[in-house]
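Structure record follows, encoded as structure tokens.
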Amino acid sequence: MKLIQLNRYPVKSMGANALSESKVMTKGLLHDREWLIASPQGNMITARKFPQMLLWRVCVEHDSIILTAPDSSSRTVHIDEMNRQADATVWRDSFGAYCGSDATDAWLSEKLGVDACIYWLGKESRRILTHTQTPLSFADGAPFLLANTASLQSLNGDLEESVEIERFRANFVVDGSEAYEEEHWQRIRIGEVEFEHFKPCVRCVMVTVDLQTGKKDPFQEPLSTLAVGRKAIFGVNLVALNEGTVRVGDKVEVLSWL
């Protein structure tokens with residue numbers, strides 16, 4: 001069994017960066033969910049309500065990111081612009097972050113059609129994952145998500161039109177296992193890092209969005225099928241037990257089972 005895809009999502013709900021290797025920290029992959037689009041009051045804005053966000057591309061530079069909208073217009077946001085402390089809210093968690101790029105906020109608001117601001121997590125996250133008492137990024141509620149190609153193959157067998165693994169926005173995609181076996185792994189090792197099962201990932205409407213068009217499936221697939229047969233579960237959330245580097249091609253070892 002091996003790691004065949006490694007992905008980070010620099011801006012929550014926007015496009016992925018496919019990586020060949022990445023540093024792993026307890027709060028997540030390096031630069032993963034380090035930025036957030038939110039209301040002026042700090043409440044997260046996601047692709048659940050604005051599915052076109054999934055079509056945005058993000059390029060990470062040394063001290064900035066480049067945002068590219070679906071119409072191909074782009075804007076660079078520098079970290080040193082993010083000089084105002086402000087609270088951000090992800091689900092029930094409210095915590096300190098940074099904003100301040102007024103010109104970018106105006107541009108985002110125009111492109112998204114809603115009052116929007118961009119927030120930066122900061123060099124150190126002030127959000128704490130209660131389960132481990134470690135820092136957490138702007139991710140929904142866990143630092144890592146793993147998906148299994150065999151599970152996708154099984155799901156696609158139940159669908160009239162197959163979907164791609166990218167719909168599920170996993171950090172780690174593994175190949176060489178049995179379908180849905182990942183839900184029974186208690187502890188695994190990928191490369192230099194050991195991970196522990198945190199919880200199964202219950203999927204939402206985001207998986208119904210076509211990543212070419214930004215439109216939701218009219219029949220809410222594949223969520224409808226997952227909801228009937230699997231309580232909407234696809235993939236597992238993980239926490240890291242140490243820091244290190246993971247690489248595409250790394251062996252994935254199961255160390256213990258649930």
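Numbering starts fresh at 1 for the residues of each chain in the structure tokens, the chains themselves are lettered A, B, ... in the order given, and ligands are numbered from 1 as they appear.
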Between region 127-186 of chain A and region 82-88 of chain A, at 12 Å or less, what are the per-residue closest atom pairs and their distances in Å? Count only C-alpha atoms, order by chain and rising residue number, and return it as a tab-separated table.
residue	atom	partner	partner_atom	distance
A:Arg127	CA	A:Ala88	CA	9.7
A:Ser137	CA	A:Ala88	CA	11.3
A:Phe138	CA	A:Ala88	CA	9.0
What does the file look like for those residues with N, CA and C atoms, as a CSV table (one decimal), in the first residue's frame?
chain,number,residue,atom,x,y,z
A,127,ARG,N,-5.7,28.7,17.2
A,127,ARG,CA,-6.8,27.7,17.3
A,127,ARG,C,-6.3,26.4,17.9
A,137,SER,N,-5.3,24.5,11.9
A,137,SER,CA,-5.5,25.5,10.9
A,137,SER,C,-6.9,25.9,10.7
A,138,PHE,N,-7.3,26.5,9.6
A,138,PHE,CA,-8.6,26.8,9.2
A,138,PHE,C,-9.4,25.6,8.7
* To do: Mind the document's chain letters and residue numbers, and return as a ChimeraX atom specification the residues of region 107-172 of chain A that DSSP labels helix (DSSP H, G or I).
  => /A:107-112,149-157,165-168
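The spacing separating CA of Glu253 (chain A) from CA of Pro222 (chain A) amounts to 29.0 Å.
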* **Minimum-distance residue to Arg126 (chain A), chosen among A:Ile66, A:Ile79, A:Ala97, A:Val205 (using only C-alpha atoms)** =>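 Checking each candidate against Arg126 (chain A), we get A:Ala97 as the closest.
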* **Distance query Asp210 (chain A) at most 10 Å, only C-alpha atoms, self and fewer than 6 positions along chain excluded, as a PyMOL selection string** => chain A and resi 51-52+54-55+163-164+167+216-217
Selected residues written out, N, CA, C and O atoms, as a compact mmCIF listing (two decimals), in the first residue's frame:
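What ended up in part-v8.txt:
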# COMPACT_ATOMS: atom_id res chain seq x y z
N PRO A 51 -20.26 27.51 -4.46
CA PRO A 51 -19.51 26.40 -5.05
C PRO A 51 -18.45 26.83 -6.05
O PRO A 51 -17.48 26.10 -6.27
N GLN A 52 -18.60 28.01 -6.65
CA GLN A 52 -17.59 28.47 -7.60
C GLN A 52 -16.23 28.66 -6.95
O GLN A 52 -15.20 28.69 -7.64
N LEU A 54 -14.55 26.56 -5.51
CA LEU A 54 -13.73 25.38 -5.78
C LEU A 54 -12.95 25.51 -7.08
O LEU A 54 -11.98 24.78 -7.29
N LEU A 55 -13.35 26.43 -7.95
CA LEU A 55 -12.68 26.63 -9.23
C LEU A 55 -11.53 27.63 -9.13
O LEU A 55 -10.77 27.80 -10.09
N VAL A 163 -17.38 9.59 -10.19
CA VAL A 163 -16.77 10.85 -9.76
C VAL A 163 -15.29 10.60 -9.51
O VAL A 163 -14.84 9.47 -9.32
N GLU A 164 -14.52 11.68 -9.49
CA GLU A 164 -13.08 11.60 -9.31
C GLU A 164 -12.74 11.78 -7.83
O GLU A 164 -13.50 12.37 -7.05
N ARG A 167 -12.95 15.21 -5.78
CA ARG A 167 -14.19 15.72 -5.16
C ARG A 167 -14.07 15.71 -3.63
O ARG A 167 -14.72 16.50 -2.95
N LYS A 216 -23.51 22.24 -8.80
CA LYS A 216 -23.89 21.08 -8.00
C LYS A 216 -24.69 20.09 -8.83
O LYS A 216 -25.48 20.49 -9.70
N ASP A 217 -24.49 18.81 -8.55
CA ASP A 217 -25.24 17.77 -9.24
C ASP A 217 -26.73 17.91 -8.92
O ASP A 217 -27.11 18.06 -7.75
* Got a sec: who's within 8 Å of Asn237 (chain A), counting only C-alpha atoms, leaving out chain neighbours fewer than 4 positions off, as a list in words? ->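 The contact residues come out as Ala142, Pro143, Phe144, Leu145, Leu146, His197, Phe198, Lys199, Pro200 and Cys201 of chain A.
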Could you write out that same residue set with N, CA, C and O atoms as a PDB file, in the first residue's frame?
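Ended up saving to result_32.pdb:
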ATOM      1  N   ALA A 142     -10.251  18.888  11.751  1.00  0.00           N
ATOM      2  CA  ALA A 142      -9.155  17.939  11.912  1.00  0.00           C
ATOM      3  C   ALA A 142      -8.024  18.337  10.980  1.00  0.00           C
ATOM      4  O   ALA A 142      -8.266  18.915   9.912  1.00  0.00           O
ATOM      5  N   PRO A 143      -6.787  18.013  11.328  1.00  0.00           N
ATOM      6  CA  PRO A 143      -5.667  18.498  10.524  1.00  0.00           C
ATOM      7  C   PRO A 143      -5.421  17.753   9.226  1.00  0.00           C
ATOM      8  O   PRO A 143      -4.810  18.305   8.308  1.00  0.00           O
ATOM      9  N   PHE A 144      -5.876  16.485   9.110  1.00  0.00           N
ATOM     10  CA  PHE A 144      -5.585  15.700   7.913  1.00  0.00           C
ATOM     11  C   PHE A 144      -6.797  14.880   7.504  1.00  0.00           C
ATOM     12  O   PHE A 144      -7.579  14.444   8.344  1.00  0.00           O
ATOM     13  N   LEU A 145      -6.894  14.640   6.182  1.00  0.00           N
ATOM     14  CA  LEU A 145      -7.942  13.793   5.637  1.00  0.00           C
ATOM     15  C   LEU A 145      -7.316  12.803   4.663  1.00  0.00           C
ATOM     16  O   LEU A 145      -6.516  13.184   3.803  1.00  0.00           O
ATOM     17  N   LEU A 146      -7.684  11.543   4.816  1.00  0.00           N
ATOM     18  CA  LEU A 146      -7.171  10.468   3.962  1.00  0.00           C
ATOM     19  C   LEU A 146      -8.315   9.823   3.212  1.00  0.00           C
ATOM     20  O   LEU A 146      -9.389   9.575   3.772  1.00  0.00           O
ATOM     21  N   HIS A 197      -6.106   7.575  13.893  1.00  0.00           N
ATOM     22  CA  HIS A 197      -7.506   7.790  13.514  1.00  0.00           C
ATOM     23  C   HIS A 197      -8.144   8.796  14.472  1.00  0.00           C
ATOM     24  O   HIS A 197      -8.064   8.642  15.690  1.00  0.00           O
ATOM     25  N   PHE A 198      -8.768   9.830  13.902  1.00  0.00           N
ATOM     26  CA  PHE A 198      -9.479  10.812  14.712  1.00  0.00           C
ATOM     27  C   PHE A 198     -10.980  10.584  14.628  1.00  0.00           C
ATOM     28  O   PHE A 198     -11.647  10.398  15.629  1.00  0.00           O
ATOM     29  N   LYS A 199     -11.498  10.550  13.401  1.00  0.00           N
ATOM     30  CA  LYS A 199     -12.926  10.280  13.203  1.00  0.00           C
ATOM     31  C   LYS A 199     -13.185  10.040  11.725  1.00  0.00           C
ATOM     32  O   LYS A 199     -12.436  10.526  10.861  1.00  0.00           O
ATOM     33  N   PRO A 200     -14.237   9.304  11.387  1.00  0.00           N
ATOM     34  CA  PRO A 200     -14.642   9.190   9.983  1.00  0.00           C
ATOM     35  C   PRO A 200     -15.073  10.561   9.466  1.00  0.00           C
ATOM     36  O   PRO A 200     -15.516  11.421  10.228  1.00  0.00           O
ATOM     37  N   CYS A 201     -14.932  10.766   8.167  1.00  0.00           N
ATOM     38  CA  CYS A 201     -15.307  12.055   7.579  1.00  0.00           C
ATOM     39  C   CYS A 201     -16.713  11.975   7.001  1.00  0.00           C
ATOM     40  O   CYS A 201     -16.949  11.261   6.020  1.00  0.00           O
TER      41      CYS A 201
END
* To do: Based on DSSP run over this structure's backbone, return all residues of region 51-221 of chain A in strand (DSSP E), as an MDAnalysis selection string.
  => chainID A and resid 57:60 64:68 74:78 84:90 93:99 117:120 128:129 134:135 144:148 172:175 185:190 193:202
Those same residues, written as a PDB file, in the first residue's frame with C-alpha atoms?
ATOM      1  CA  ARG A  57      -6.581  28.482  -8.040  1.00  0.00           C
ATOM      2  CA  VAL A  58      -4.025  29.374  -5.405  1.00  0.00           C
ATOM      3  CA  CYS A  59      -0.251  29.590  -5.813  1.00  0.00           C
ATOM      4  CA  VAL A  60       1.904  29.779  -2.676  1.00  0.00           C
ATOM      5  CA  SER A  64       2.540  35.701  -0.434  1.00  0.00           C
ATOM      6  CA  ILE A  65      -0.165  33.835  -2.292  1.00  0.00           C
ATOM      7  CA  ILE A  66      -1.567  34.447  -5.755  1.00  0.00           C
ATOM      8  CA  LEU A  67      -5.336  34.050  -6.097  1.00  0.00           C
ATOM      9  CA  THR A  68      -6.733  33.331  -9.559  1.00  0.00           C
ATOM     10  CA  SER A  74      -5.617  37.280 -10.338  1.00  0.00           C
ATOM     11  CA  ARG A  75      -4.319  39.113  -7.323  1.00  0.00           C
ATOM     12  CA  THR A  76      -1.282  38.704  -5.069  1.00  0.00           C
ATOM     13  CA  VAL A  77      -1.728  38.916  -1.306  1.00  0.00           C
ATOM     14  CA  HIS A  78       1.392  39.566   0.759  1.00  0.00           C
ATOM     15  CA  ARG A  84      -4.636  43.749  11.756  1.00  0.00           C
ATOM     16  CA  GLN A  85      -5.584  41.214  14.384  1.00  0.00           C
ATOM     17  CA  ALA A  86      -9.164  40.002  14.052  1.00  0.00           C
ATOM     18  CA  ASP A  87     -11.196  37.050  15.228  1.00  0.00           C
ATOM     19  CA  ALA A  88     -12.153  34.402  12.679  1.00  0.00           C
ATOM     20  CA  THR A  89     -14.854  31.769  13.147  1.00  0.00           C
ATOM     21  CA  VAL A  90     -14.772  28.245  11.718  1.00  0.00           C
ATOM     22  CA  ASP A  93     -14.353  27.892  16.960  1.00  0.00           C
ATOM     23  CA  SER A  94     -13.598  31.600  17.211  1.00  0.00           C
ATOM     24  CA  PHE A  95      -9.924  32.504  17.469  1.00  0.00           C
ATOM     25  CA  GLY A  96      -7.429  35.189  16.641  1.00  0.00           C
ATOM     26  CA  ALA A  97      -6.163  35.594  13.062  1.00  0.00           C
ATOM     27  CA  TYR A  98      -5.073  38.462  10.793  1.00  0.00           C
ATOM     28  CA  CYS A  99      -6.667  40.593   8.085  1.00  0.00           C
ATOM     29  CA  CYS A 117     -12.389  39.460   3.513  1.00  0.00           C
ATOM     30  CA  ILE A 118      -9.274  37.312   3.437  1.00  0.00           C
ATOM     31  CA  TYR A 119      -7.791  36.158   6.724  1.00  0.00           C
ATOM     32  CA  TRP A 120      -4.337  34.726   7.429  1.00  0.00           C
ATOM     33  CA  ILE A 128      -6.500  24.559  19.447  1.00  0.00           C
ATOM     34  CA  LEU A 129      -7.713  21.071  18.577  1.00  0.00           C
ATOM     35  CA  THR A 134      -2.319  21.000  19.484  1.00  0.00           C
ATOM     36  CA  PRO A 135      -2.675  23.904  17.022  1.00  0.00           C
ATOM     37  CA  PHE A 144      -5.585  15.700   7.913  1.00  0.00           C
ATOM     38  CA  LEU A 145      -7.942  13.793   5.637  1.00  0.00           C
ATOM     39  CA  LEU A 146      -7.171  10.468   3.962  1.00  0.00           C
ATOM     40  CA  ALA A 147      -9.059   8.808   1.100  1.00  0.00           C
ATOM     41  CA  ASN A 148      -8.638   5.369  -0.450  1.00  0.00           C
ATOM     42  CA  PHE A 172      -3.539  11.839   1.408  1.00  0.00           C
ATOM     43  CA  VAL A 173      -4.788   9.425  -1.267  1.00  0.00           C
ATOM     44  CA  VAL A 174      -3.660   5.824  -0.778  1.00  0.00           C
ATOM     45  CA  ASP A 175      -3.759   2.871  -3.135  1.00  0.00           C
ATOM     46  CA  TRP A 185      -7.093   1.714  10.928  1.00  0.00           C
ATOM     47  CA  GLN A 186      -6.234   2.980  14.384  1.00  0.00           C
ATOM     48  CA  ARG A 187      -2.658   3.981  13.667  1.00  0.00           C
ATOM     49  CA  ILE A 188      -0.685   4.167  10.418  1.00  0.00           C
ATOM     50  CA  ARG A 189       2.709   5.332   9.203  1.00  0.00           C
ATOM     51  CA  ILE A 190       3.306   7.298   6.002  1.00  0.00           C
ATOM     52  CA  VAL A 193       5.154  10.288  10.206  1.00  0.00           C
ATOM     53  CA  GLU A 194       2.744   8.267  12.305  1.00  0.00           C
ATOM     54  CA  PHE A 195      -0.923   9.172  12.254  1.00  0.00           C
ATOM     55  CA  GLU A 196      -3.850   8.185  14.452  1.00  0.00           C
ATOM     56  CA  HIS A 197      -7.506   7.790  13.514  1.00  0.00           C
ATOM     57  CA  PHE A 198      -9.479  10.812  14.712  1.00  0.00           C
ATOM     58  CA  LYS A 199     -12.926  10.280  13.203  1.00  0.00           C
ATOM     59  CA  PRO A 200     -14.642   9.190   9.983  1.00  0.00           C
ATOM     60  CA  CYS A 201     -15.307  12.055   7.579  1.00  0.00           C
ATOM     61  CA  VAL A 202     -19.010  12.765   7.124  1.00  0.00           C
TER      62      VAL A 202
END
